[in-house]
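Pasted below: start_18.cif, mmCIF, C-alpha atoms.
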data_query
loop_
_atom_site.group_PDB
_atom_site.id
_atom_site.type_symbol
_atom_site.label_atom_id
_atom_site.label_comp_id
_atom_site.auth_asym_id
_atom_site.auth_seq_id
_atom_site.Cartn_x
_atom_site.Cartn_y
_atom_site.Cartn_z
ATOM 1 C CA MET K 1 -45.815 -121.924 -100.874
ATOM 2 C CA LYS K 2 -47.625 -122.564 -104.138
ATOM 3 C CA VAL K 3 -47.181 -126.178 -105.131
ATOM 4 C CA GLY K 4 -48.288 -127.218 -108.610
ATOM 5 C CA VAL K 5 -49.678 -130.701 -109.222
ATOM 6 C CA VAL K 6 -49.654 -131.761 -112.863
ATOM 7 C CA THR K 7 -52.609 -133.668 -114.300
ATOM 8 C CA PHE K 8 -51.794 -135.790 -117.336
ATOM 9 C CA PRO K 9 -54.420 -137.807 -119.195
ATOM 10 C CA GLY K 10 -54.444 -140.967 -117.088
ATOM 11 C CA SER K 11 -53.166 -139.432 -113.841
ATOM 12 C CA LEU K 12 -54.899 -141.039 -110.865
ATOM 13 C CA ASP K 13 -53.479 -139.465 -107.746
ATOM 14 C CA ASP K 14 -53.436 -135.806 -108.717
ATOM 15 C CA VAL K 15 -56.374 -134.936 -106.451
ATOM 16 C CA ASP K 16 -54.875 -136.852 -103.519
ATOM 17 C CA ALA K 17 -51.580 -135.065 -104.127
ATOM 18 C CA GLN K 18 -53.341 -131.690 -104.144
ATOM 19 C CA ARG K 19 -55.014 -132.599 -100.865
ATOM 20 C CA ALA K 20 -51.701 -133.696 -99.343
ATOM 21 C CA VAL K 21 -50.172 -130.387 -100.417
ATOM 22 C CA ARG K 22 -52.942 -128.536 -98.566
ATOM 23 C CA VAL K 23 -52.710 -130.780 -95.496
ATOM 24 C CA GLY K 24 -48.993 -130.001 -95.562
ATOM 25 C CA GLY K 25 -49.819 -126.311 -95.248
ATOM 26 C CA HIS K 26 -49.405 -125.122 -98.825
ATOM 27 C CA GLU K 27 -51.555 -123.865 -101.643
ATOM 28 C CA ALA K 28 -52.197 -126.507 -104.301
ATOM 29 C CA VAL K 29 -52.280 -125.322 -107.897
ATOM 30 C CA ALA K 30 -53.680 -127.618 -110.587
ATOM 31 C CA LEU K 31 -51.404 -127.709 -113.638
ATOM 32 C CA TRP K 32 -52.436 -129.182 -116.989
ATOM 33 C CA HIS K 33 -50.149 -131.336 -119.114
ATOM 34 C CA GLY K 34 -51.040 -129.444 -122.277
ATOM 35 C CA ASP K 35 -50.068 -125.989 -120.984
ATOM 36 C CA HIS K 36 -46.678 -124.333 -121.321
ATOM 37 C CA ASP K 37 -47.386 -122.696 -117.973
ATOM 38 C CA LEU K 38 -46.367 -123.397 -114.369
ATOM 39 C CA GLN K 39 -48.580 -120.537 -113.103
ATOM 40 C CA GLY K 40 -45.836 -119.128 -110.914
ATOM 41 C CA VAL K 41 -45.621 -122.108 -108.550
ATOM 42 C CA ASP K 42 -42.673 -122.605 -106.194
ATOM 43 C CA ALA K 43 -42.558 -126.404 -106.520
ATOM 44 C CA VAL K 44 -44.116 -129.146 -108.630
ATOM 45 C CA VAL K 45 -45.490 -132.613 -107.876
ATOM 46 C CA LEU K 46 -45.839 -135.164 -110.683
ATOM 47 C CA PRO K 47 -48.477 -137.538 -109.324
ATOM 48 C CA GLY K 48 -49.038 -141.262 -109.712
ATOM 49 C CA GLY K 49 -51.251 -142.997 -112.215
ATOM 50 C CA PHE K 50 -50.999 -144.245 -115.772
ATOM 51 C CA SER K 51 -50.319 -141.128 -117.813
ATOM 52 C CA TYR K 52 -51.038 -141.670 -121.509
ATOM 53 C CA GLY K 53 -52.115 -145.196 -120.619
ATOM 54 C CA ASP K 54 -48.492 -146.209 -119.993
ATOM 55 C CA TYR K 55 -48.274 -146.523 -123.795
ATOM 56 C CA LEU K 56 -44.808 -147.164 -125.231
ATOM 57 C CA ARG K 57 -43.161 -147.079 -121.773
ATOM 58 C CA CYS K 58 -44.395 -145.655 -118.480
ATOM 59 C CA GLY K 59 -43.806 -141.912 -118.633
ATOM 60 C CA ALA K 60 -42.335 -141.970 -122.145
ATOM 61 C CA ILE K 61 -45.068 -139.886 -123.783
ATOM 62 C CA SER K 62 -45.682 -137.602 -120.794
ATOM 63 C CA ARG K 63 -42.051 -136.626 -120.815
ATOM 64 C CA PHE K 64 -42.644 -134.719 -124.064
ATOM 65 C CA SER K 65 -45.846 -132.966 -122.958
ATOM 66 C CA PRO K 66 -45.785 -129.142 -123.034
ATOM 67 C CA VAL K 67 -45.838 -128.777 -119.245
ATOM 68 C CA MET K 68 -42.804 -131.074 -118.881
ATOM 69 C CA THR K 69 -40.719 -128.704 -121.013
ATOM 70 C CA GLU K 70 -41.406 -126.097 -118.341
ATOM 71 C CA VAL K 71 -40.835 -128.537 -115.461
ATOM 72 C CA ILE K 72 -37.488 -129.681 -116.888
ATOM 73 C CA ASP K 73 -36.451 -126.069 -117.351
ATOM 74 C CA ALA K 74 -37.525 -125.074 -113.817
ATOM 75 C CA ALA K 75 -35.855 -128.152 -112.290
ATOM 76 C CA GLY K 76 -32.636 -127.060 -113.976
ATOM 77 C CA ARG K 77 -32.941 -123.737 -112.160
ATOM 78 C CA GLY K 78 -33.364 -125.524 -108.830
ATOM 79 C CA MET K 79 -37.136 -125.671 -108.388
ATOM 80 C CA PRO K 80 -38.164 -128.548 -106.090
ATOM 81 C CA VAL K 81 -39.838 -131.329 -108.085
ATOM 82 C CA LEU K 82 -41.292 -134.506 -106.573
ATOM 83 C CA GLY K 83 -42.302 -137.392 -108.813
ATOM 84 C CA ILE K 84 -44.394 -140.088 -107.175
ATOM 85 C CA CYS K 85 -44.726 -143.520 -108.808
ATOM 86 C CA ASN K 86 -45.680 -142.636 -112.409
ATOM 87 C CA GLY K 87 -44.130 -139.243 -111.653
ATOM 88 C CA PHE K 88 -40.859 -141.016 -110.781
ATOM 89 C CA GLN K 89 -41.075 -142.880 -114.106
ATOM 90 C CA ILE K 90 -41.596 -139.565 -115.923
ATOM 91 C CA LEU K 91 -38.558 -138.030 -114.176
ATOM 92 C CA CYS K 92 -36.386 -140.970 -115.285
ATOM 93 C CA GLU K 93 -37.699 -140.764 -118.856
ATOM 94 C CA SER K 94 -36.964 -137.012 -118.753
ATOM 95 C CA HIS K 95 -33.378 -137.762 -117.686
ATOM 96 C CA LEU K 96 -33.862 -135.513 -114.653
ATOM 97 C CA LEU K 97 -33.073 -138.660 -112.675
ATOM 98 C CA PRO K 98 -30.815 -141.543 -113.710
ATOM 99 C CA GLY K 99 -31.940 -145.131 -114.193
ATOM 100 C CA ALA K 100 -35.305 -146.515 -115.203
ATOM 101 C CA LEU K 101 -38.275 -148.350 -113.741
ATOM 102 C CA ILE K 102 -39.227 -151.710 -115.172
ATOM 103 C CA ARG K 103 -41.958 -154.278 -114.534
ATOM 104 C CA ASN K 104 -41.900 -155.826 -111.052
ATOM 105 C CA ASP K 105 -39.662 -158.900 -111.067
ATOM 106 C CA HIS K 106 -42.498 -161.091 -109.713
ATOM 107 C CA ARG K 107 -44.798 -159.762 -112.487
ATOM 108 C CA LYS K 108 -47.683 -158.947 -110.163
ATOM 109 C CA PHE K 109 -49.095 -155.578 -109.230
ATOM 110 C CA VAL K 110 -48.174 -154.865 -105.625
ATOM 111 C CA CYS K 111 -50.376 -152.859 -103.251
ATOM 112 C CA ARG K 112 -49.408 -152.797 -99.581
ATOM 113 C CA ASP K 113 -48.299 -150.725 -96.641
ATOM 114 C CA GLN K 114 -44.555 -150.542 -97.151
ATOM 115 C CA SER K 115 -41.905 -149.863 -94.588
ATOM 116 C CA LEU K 116 -39.127 -147.529 -95.771
ATOM 117 C CA ARG K 117 -35.976 -146.021 -94.354
ATOM 118 C CA ILE K 118 -35.342 -142.355 -95.111
ATOM 119 C CA GLU K 119 -31.682 -142.191 -96.131
ATOM 120 C CA ASN K 120 -31.343 -138.595 -97.253
ATOM 121 C CA ASN K 121 -33.090 -135.748 -95.421
ATOM 122 C CA ARG K 122 -31.182 -133.015 -97.240
ATOM 123 C CA THR K 123 -33.715 -132.585 -100.044
ATOM 124 C CA PRO K 124 -36.538 -130.016 -99.973
ATOM 125 C CA TRP K 125 -38.976 -132.955 -99.859
ATOM 126 C CA THR K 126 -37.434 -134.907 -96.969
ATOM 127 C CA SER K 127 -36.048 -132.308 -94.570
ATOM 128 C CA ALA K 128 -38.892 -132.949 -92.086
ATOM 129 C CA TYR K 129 -37.476 -136.438 -91.488
ATOM 130 C CA ALA K 130 -34.382 -137.514 -89.637
ATOM 131 C CA GLU K 131 -31.895 -139.653 -91.490
ATOM 132 C CA GLY K 132 -32.660 -143.265 -90.643
ATOM 133 C CA ASP K 133 -36.331 -142.620 -89.863
ATOM 134 C CA VAL K 134 -38.468 -145.663 -90.584
ATOM 135 C CA VAL K 135 -41.827 -144.771 -92.106
ATOM 136 C CA THR K 136 -44.783 -146.750 -93.450
ATOM 137 C CA ILE K 137 -46.226 -145.536 -96.718
ATOM 138 C CA VAL K 138 -48.549 -147.138 -99.269
ATOM 139 C CA LEU K 139 -46.819 -148.777 -102.208
ATOM 140 C CA LYS K 140 -48.825 -149.639 -105.331
ATOM 141 C CA ASN K 141 -47.144 -150.338 -108.626
ATOM 142 C CA GLY K 142 -46.809 -152.736 -111.515
ATOM 143 C CA GLU K 143 -43.612 -151.270 -112.929
ATOM 144 C CA GLY K 144 -41.653 -150.167 -109.897
ATOM 145 C CA GLY K 145 -38.391 -152.054 -110.303
ATOM 146 C CA PHE K 146 -35.630 -149.448 -110.201
ATOM 147 C CA VAL K 147 -32.700 -150.392 -112.432
ATOM 148 C CA ALA K 148 -29.474 -148.685 -113.440
ATOM 149 C CA ASP K 149 -26.002 -149.911 -114.301
ATOM 150 C CA ASP K 150 -23.600 -150.677 -111.450
ATOM 151 C CA GLU K 151 -21.581 -147.525 -112.025
ATOM 152 C CA THR K 152 -24.709 -145.355 -111.686
ATOM 153 C CA LEU K 153 -25.841 -147.277 -108.597
ATOM 154 C CA ASP K 154 -22.406 -146.865 -106.999
ATOM 155 C CA ARG K 155 -22.459 -143.158 -107.742
ATOM 156 C CA LEU K 156 -25.973 -142.759 -106.286
ATOM 157 C CA GLU K 157 -24.882 -144.549 -103.128
ATOM 158 C CA GLY K 158 -21.536 -142.777 -102.907
ATOM 159 C CA ASP K 159 -23.099 -139.332 -103.297
ATOM 160 C CA GLY K 160 -25.859 -140.101 -100.790
ATOM 161 C CA ARG K 161 -28.513 -139.710 -103.456
ATOM 162 C CA VAL K 162 -30.604 -142.689 -102.365
ATOM 163 C CA VAL K 163 -33.498 -140.911 -100.633
ATOM 164 C CA ALA K 164 -35.441 -143.922 -99.369
ATOM 165 C CA ARG K 165 -34.908 -147.677 -99.275
ATOM 166 C CA TYR K 166 -37.369 -150.554 -98.896
ATOM 167 C CA LEU K 167 -37.204 -152.465 -95.630
ATOM 168 C CA GLY K 168 -38.175 -156.130 -95.372
ATOM 169 C CA ASP K 169 -38.938 -158.110 -98.528
ATOM 170 C CA ASN K 170 -38.045 -156.221 -101.665
ATOM 171 C CA PRO K 171 -41.488 -155.496 -103.144
ATOM 172 C CA ASN K 172 -40.657 -155.095 -106.841
ATOM 173 C CA GLY K 173 -37.098 -156.140 -107.626
ATOM 174 C CA SER K 174 -35.609 -152.659 -107.291
ATOM 175 C CA LEU K 175 -31.828 -152.911 -107.317
ATOM 176 C CA ARG K 176 -30.242 -152.319 -103.908
ATOM 177 C CA ASP K 177 -33.779 -151.942 -102.450
ATOM 178 C CA ILE K 178 -33.976 -148.394 -103.798
ATOM 179 C CA ALA K 179 -37.396 -146.761 -103.331
ATOM 180 C CA GLY K 180 -36.416 -143.193 -104.142
ATOM 181 C CA ILE K 181 -33.496 -141.127 -105.417
ATOM 182 C CA THR K 182 -32.563 -137.512 -105.977
ATOM 183 C CA ASN K 183 -30.584 -135.636 -108.617
ATOM 184 C CA ASP K 184 -27.102 -134.238 -108.177
ATOM 185 C CA ARG K 185 -28.405 -130.885 -106.965
ATOM 186 C CA GLY K 186 -30.925 -132.472 -104.593
ATOM 187 C CA ASN K 187 -34.009 -130.562 -105.737
ATOM 188 C CA VAL K 188 -35.579 -133.340 -107.836
ATOM 189 C CA VAL K 189 -36.823 -136.421 -105.988
ATOM 190 C CA GLY K 190 -38.425 -139.543 -107.429
ATOM 191 C CA LEU K 191 -40.217 -141.933 -105.120
ATOM 192 C CA MET K 192 -42.099 -145.132 -105.970
ATOM 193 C CA PRO K 193 -44.282 -145.340 -102.806
ATOM 194 C CA HIS K 194 -47.117 -142.859 -102.292
ATOM 195 C CA PRO K 195 -46.667 -140.403 -99.398
ATOM 196 C CA GLU K 196 -49.788 -138.512 -100.533
ATOM 197 C CA HIS K 197 -51.861 -141.533 -99.430
ATOM 198 C CA ALA K 198 -50.380 -141.392 -95.937
ATOM 199 C CA VAL K 199 -51.232 -137.931 -94.677
ATOM 200 C CA GLU K 200 -54.478 -138.575 -92.768
ATOM 201 C CA SER K 201 -55.081 -141.446 -90.355
ATOM 202 C CA LEU K 202 -58.720 -141.795 -91.448
ATOM 203 C CA THR K 203 -57.787 -143.103 -94.876
ATOM 204 C CA GLY K 204 -54.432 -144.781 -94.587
ATOM 205 C CA ALA K 205 -51.870 -146.635 -92.583
ATOM 206 C CA GLY K 206 -50.954 -143.420 -90.782
ATOM 207 C CA THR K 207 -49.535 -140.007 -91.458
ATOM 208 C CA ASP K 208 -45.921 -140.930 -92.114
ATOM 209 C CA GLY K 209 -46.083 -139.472 -95.607
ATOM 210 C CA LEU K 210 -46.954 -135.985 -94.475
ATOM 211 C CA GLY K 211 -43.291 -135.071 -94.027
ATOM 212 C CA PHE K 212 -42.819 -135.024 -97.800
ATOM 213 C CA PHE K 213 -45.274 -132.126 -97.961
ATOM 214 C CA THR K 214 -44.288 -130.238 -94.787
ATOM 215 C CA SER K 215 -40.569 -130.445 -95.652
ATOM 216 C CA LEU K 216 -40.978 -127.680 -98.230
ATOM 217 C CA ALA K 217 -41.795 -125.166 -95.508
ATOM 218 C CA GLU K 218 -38.884 -126.282 -93.363
ATOM 219 C CA SER K 219 -36.432 -126.001 -96.222
ATOM 220 C CA VAL K 220 -37.587 -122.450 -96.892
ATOM 221 C CA PHE K 221 -36.957 -121.381 -93.309
ATOM 222 C CA SER K 222 -33.708 -123.281 -92.900
ATOM 223 C CA MET V 1 -44.199 -147.958 -150.010
ATOM 224 C CA PRO V 2 -40.965 -148.596 -148.176
ATOM 225 C CA ARG V 3 -41.143 -148.915 -144.447
ATOM 226 C CA VAL V 4 -38.498 -148.410 -141.854
ATOM 227 C CA VAL V 5 -38.582 -150.993 -139.105
ATOM 228 C CA VAL V 6 -37.233 -150.249 -135.668
ATOM 229 C CA ASP V 7 -36.782 -153.216 -133.358
ATOM 230 C CA VAL V 8 -36.389 -152.415 -129.685
ATOM 231 C CA MET V 9 -35.157 -155.038 -127.233
ATOM 232 C CA PRO V 10 -34.442 -154.934 -123.508
ATOM 233 C CA LYS V 11 -30.681 -154.908 -122.929
ATOM 234 C CA PRO V 12 -29.323 -158.387 -122.163
ATOM 235 C CA GLU V 13 -28.487 -157.442 -118.574
ATOM 236 C CA ILE V 14 -31.963 -156.021 -117.883
ATOM 237 C CA LEU V 15 -34.504 -158.398 -116.395
ATOM 238 C CA ASP V 16 -37.385 -159.078 -118.792
ATOM 239 C CA PRO V 17 -40.351 -160.239 -116.679
ATOM 240 C CA GLN V 18 -42.680 -160.415 -119.698
ATOM 241 C CA GLY V 19 -40.288 -162.647 -121.608
ATOM 242 C CA LYS V 20 -39.956 -164.803 -118.499
ATOM 243 C CA ALA V 21 -43.745 -165.154 -118.267
ATOM 244 C CA VAL V 22 -43.936 -166.243 -121.912
ATOM 245 C CA HIS V 23 -41.057 -168.650 -121.384
ATOM 246 C CA GLY V 24 -42.871 -170.128 -118.398
ATOM 247 C CA ALA V 25 -46.077 -170.588 -120.394
ATOM 248 C CA LEU V 26 -44.520 -172.531 -123.272
ATOM 249 C CA PRO V 27 -43.864 -175.845 -121.454
ATOM 250 C CA ARG V 28 -47.349 -175.698 -119.960
ATOM 251 C CA LEU V 29 -48.677 -175.753 -123.540
ATOM 252 C CA GLY V 30 -46.471 -178.687 -124.468
ATOM 253 C CA PHE V 31 -43.756 -176.718 -126.280
ATOM 254 C CA SER V 32 -40.323 -177.820 -125.158
ATOM 255 C CA GLY V 33 -36.731 -176.928 -125.881
ATOM 256 C CA VAL V 34 -36.945 -173.132 -125.558
ATOM 257 C CA THR V 35 -34.192 -172.074 -123.170
ATOM 258 C CA ASP V 36 -34.996 -168.358 -123.000
ATOM 259 C CA VAL V 37 -37.496 -165.761 -124.263
ATOM 260 C CA ARG V 38 -36.874 -162.041 -124.561
ATOM 261 C CA GLN V 39 -39.758 -159.792 -125.511
ATOM 262 C CA GLY V 40 -39.270 -156.560 -127.415
ATOM 263 C CA LYS V 41 -41.177 -154.118 -129.586
ATOM 264 C CA ARG V 42 -41.314 -153.606 -133.346
ATOM 265 C CA PHE V 43 -42.181 -150.233 -134.867
ATOM 266 C CA GLU V 44 -43.065 -149.882 -138.555
ATOM 267 C CA LEU V 45 -42.655 -146.343 -139.848
ATOM 268 C CA ALA V 46 -44.205 -145.475 -143.219
ATOM 269 C CA PHE V 47 -42.855 -142.726 -145.478
ATOM 270 C CA ASP V 48 -44.201 -141.092 -148.607
ATOM 271 C CA GLY V 49 -41.017 -140.806 -150.587
ATOM 272 C CA GLU V 50 -37.748 -142.630 -150.828
ATOM 273 C CA VAL V 51 -35.999 -143.650 -147.640
ATOM 274 C CA THR V 52 -32.751 -141.752 -147.943
ATOM 275 C CA ASP V 53 -29.795 -141.754 -145.588
ATOM 276 C CA ASP V 54 -31.150 -138.519 -144.141
ATOM 277 C CA VAL V 55 -34.446 -140.219 -143.366
ATOM 278 C CA LEU V 56 -32.611 -143.109 -141.727
ATOM 279 C CA ALA V 57 -30.557 -140.671 -139.653
ATOM 280 C CA GLU V 58 -33.833 -139.089 -138.518
ATOM 281 C CA VAL V 59 -35.223 -142.489 -137.604
ATOM 282 C CA GLU V 60 -32.103 -143.195 -135.547
ATOM 283 C CA LYS V 61 -32.836 -140.000 -133.643
ATOM 284 C CA MET V 62 -36.495 -140.971 -133.178
ATOM 285 C CA ALA V 63 -35.423 -144.367 -131.908
ATOM 286 C CA GLU V 64 -33.020 -143.020 -129.316
ATOM 287 C CA THR V 65 -35.296 -140.149 -128.258
ATOM 288 C CA LEU V 66 -38.739 -141.716 -128.065
ATOM 289 C CA LEU V 67 -39.054 -145.267 -129.378
ATOM 290 C CA SER V 68 -36.472 -146.696 -126.980
ATOM 291 C CA ASN V 69 -35.107 -145.818 -123.578
ATOM 292 C CA PRO V 70 -31.334 -146.198 -124.009
ATOM 293 C CA VAL V 71 -30.954 -146.853 -120.279
ATOM 294 C CA ILE V 72 -32.698 -150.213 -120.564
ATOM 295 C CA GLU V 73 -33.132 -150.944 -124.281
ATOM 296 C CA ASN V 74 -31.162 -151.420 -127.506
ATOM 297 C CA PHE V 75 -32.588 -150.804 -130.966
ATOM 298 C CA THR V 76 -31.869 -151.601 -134.605
ATOM 299 C CA VAL V 77 -33.084 -149.714 -137.680
ATOM 300 C CA ARG V 78 -33.629 -151.311 -141.108
ATOM 301 C CA VAL V 79 -35.535 -150.666 -144.314
ATOM 302 C CA GLU V 80 -38.184 -153.130 -145.426
ATOM 303 C CA GLU V 81 -38.953 -152.873 -149.154
ATOM 304 C CA GLY V 82 -42.261 -153.618 -150.857
ATOM 305 C CA ALA V 83 -44.229 -154.102 -147.687
#

Take the structure in the file and give it back as structure tokens.
Amino acid sequence: MKVGVVTFPGSLDDVDAQRAVRVGGHEAVALWHGDHDLQGVDAVVLPGGFSYGDYLRCGAISRFSPVMTEVIDAAGRGMPVLGICNGFQILCESHLLPGALIRNDHRKFVCRDQSLRIENNRTPWTSAYAEGDVVTIVLKNGEGGFVADDETLDRLEGDGRVVARYLGDNPNGSLRDIAGITNDRGNVVGLMPHPEHAVESLTGAGTDGLGFFTSLAESVFS
Amino acid sequence: MPRVVVDVMPKPEILDPQGKAVHGALPRLGFSGVTDVRQGKRFELAFDGEVTDDVLAEVEKMAETLLSNPVIENFTVRVEEGA
């Protein structure tokens, strides 16, 4: 599959995400924030970083970039979209996902190997996992506290739209230990930890993140 | 020139870690009696002509589309004369 990775001004992890896409067995296509063009890709990754310097709010400016108009449109047609960290913030600002991400409750940047439980393996990004799988993936964020009103949280839980949950100490104040969620249709996933940093044992805590990038193939053949 | 001021504040139920940090710093500097601090943002929008109701309606739209995130923030819009 052709998987597009968007580079915004201030993106940090776009190259790692492209590499993870290739390690996962796909073709990585570099997409530019200023283009109204998805170059015919089958899926899109919005990578981590500090797009537009996190000015105004994390993801608030990126959400109105030309490429996001196309991403929002394609997501509405069912294209798989994965937002990692800053990408998750952009998806919330775009209203493709409910809720918002605010500054960590302890006010410090957190960077650690984080244990997660995969709670929903029915998305195109998580089908390589079994429900209940415990994985270790790098977490690094300053504004990773997931918040939403109780009604939204109840709906996310009730509909099985919590994709991953933090295990152990809550690292950033996310309500109900939520690390990742999906939209109603299940094609858009936002995740605060960084699976693209956990695809090769040489440079990370392991390869537990690889499933996010091999799942696409499995969902095509399923 | 008249300016339109948009104040954006985190909703009361949303945790405000920055406000908390400021609140924590005040007693360390010898300031006492502050029971809570909430930190928000102030936008000053300049216009060439008169600020009509249409302009204010536009600003409302700007505030709910870009200047604030309605999921976590409230905003108010007002005109400031002679600034």

* To do: Dump as a VMD selection string the residues of chain K that approach chain V to within 7 Å, counting all atoms listed in the file.
  => chain K and resid 60 99 to 100 103 105 107

* Record the distance separating CA of Gly49 (chain K) and CA of Pro10 (chain V), expressed in Å with one decimal. =>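 Separation between CA of Gly49 (chain K) and CA of Pro10 (chain V): 23.5 Å.
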
* Near region 12-29 of chain K, counting all atoms listed in the file, which residues have an atom at most 9 Å away, once you skip same-chain residues fewer than 4 positions from it, shown as a PyMOL selection string? -> chain K and resi 1-8+38-39+41+45-51+195-200+209-217

* Asked: Which distance in Å separates CA of Glu218 (chain K) and CA of Met79 (chain K), to one decimal?
  ->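 Straight-line distance from CA of Glu218 (chain K) to CA of Met79 (chain K) works out to 15.1 Å.
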
* Asked: With only C-alpha atoms as the basis for distance, which of K:Cys58, K:Leu91, K:Met68, K:Leu96 is at the shortest distance from Gly142 (chain K)?
  ->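 Checking each of K:Cys58, K:Leu91, K:Met68, K:Leu96 against Gly142 (chain K), counting only C-alpha atoms, the winner is K:Cys58.
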
* Can you turn the PyMOL selection byres ((chain K and resi 136) around 9) into a concrete residue list for this file, as an MDAnalysis selection string? => chainID K and resid 113:117 134:135 137:138 195 198 205:209

* To do: List every protein, DNA or RNA residue that has at least one atom no more than 8 Å from (-25.9, -139.7, -112.1) in the file's coordinates, counting all atoms listed in the file, and write the result as a PyMOL selection string.
  => chain K and resi 97-98+152+155-156+183-184

* Carefully work through the PyMOL selection byres ((chain K and resi 35) around 12) for this structure and note down the residues it includes, as an MDAnalysis selection string. => chainID K and resid 6:8 30:34 36:39 64:71

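The gap separating CA of Gly204 (chain K) from CA of Ile181 (chain K) is 23.9 Å, in Å to one decimal.
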
* Selection result of the PyMOL selection byres ((chain K and resi 57) around 10) on this file, as a PyMOL selection string -> (chain K and resi 52-56+58-62+89-90+93+101-102+143) or (chain V and resi 66-69)

Dump C-alpha atoms for the selected residues as a PDB file, keeping the file's coordinate frame?
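See again.pdb below for the written result:
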ATOM      1  CA  TYR K  52     -51.038-141.670-121.509  1.00  0.00           C
ATOM      2  CA  GLY K  53     -52.115-145.196-120.619  1.00  0.00           C
ATOM      3  CA  ASP K  54     -48.492-146.209-119.993  1.00  0.00           C
ATOM      4  CA  TYR K  55     -48.274-146.523-123.795  1.00  0.00           C
ATOM      5  CA  LEU K  56     -44.808-147.164-125.231  1.00  0.00           C
ATOM      6  CA  CYS K  58     -44.395-145.655-118.480  1.00  0.00           C
ATOM      7  CA  GLY K  59     -43.806-141.912-118.633  1.00  0.00           C
ATOM      8  CA  ALA K  60     -42.335-141.970-122.145  1.00  0.00           C
ATOM      9  CA  ILE K  61     -45.068-139.886-123.783  1.00  0.00           C
ATOM     10  CA  SER K  62     -45.682-137.602-120.794  1.00  0.00           C
ATOM     11  CA  GLN K  89     -41.075-142.880-114.106  1.00  0.00           C
ATOM     12  CA  ILE K  90     -41.596-139.565-115.923  1.00  0.00           C
ATOM     13  CA  GLU K  93     -37.699-140.764-118.856  1.00  0.00           C
ATOM     14  CA  LEU K 101     -38.275-148.350-113.741  1.00  0.00           C
ATOM     15  CA  ILE K 102     -39.227-151.710-115.172  1.00  0.00           C
ATOM     16  CA  GLU K 143     -43.612-151.270-112.929  1.00  0.00           C
TER      17      GLU K 143
ATOM     18  CA  LEU V  66     -38.739-141.716-128.065  1.00  0.00           C
ATOM     19  CA  LEU V  67     -39.054-145.267-129.378  1.00  0.00           C
ATOM     20  CA  SER V  68     -36.472-146.696-126.980  1.00  0.00           C
ATOM     21  CA  ASN V  69     -35.107-145.818-123.578  1.00  0.00           C
TER      22      ASN V  69
END

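Of the listed residues (V:Thr52, V:Ser32, V:Asn74, V:Gln39), V:Asn74 comes nearest to Val8 (chain V); the distances count all atoms listed in the file.
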
Step by step, gather every atom of region 114-119 of chain K that the file lists, find the box along x, y and z that holds them, add 4 Å on each side, and finally give centre and edge lengths in Å to one decimal, as lines of an AutoDock Vina configuration file.
center_x = -38.1
center_y = -146.4
center_z = -95.8
size_x = 20.9
size_y = 16.4
size_z = 10.8

* Neighbour residues at most 12 Å from (-39.6, -149.1, -141.3) (all atoms listed in the file) as a ChimeraX atom specification -> /V:1-7,42-48,50-51,55-56,58-60,62-63,76-83
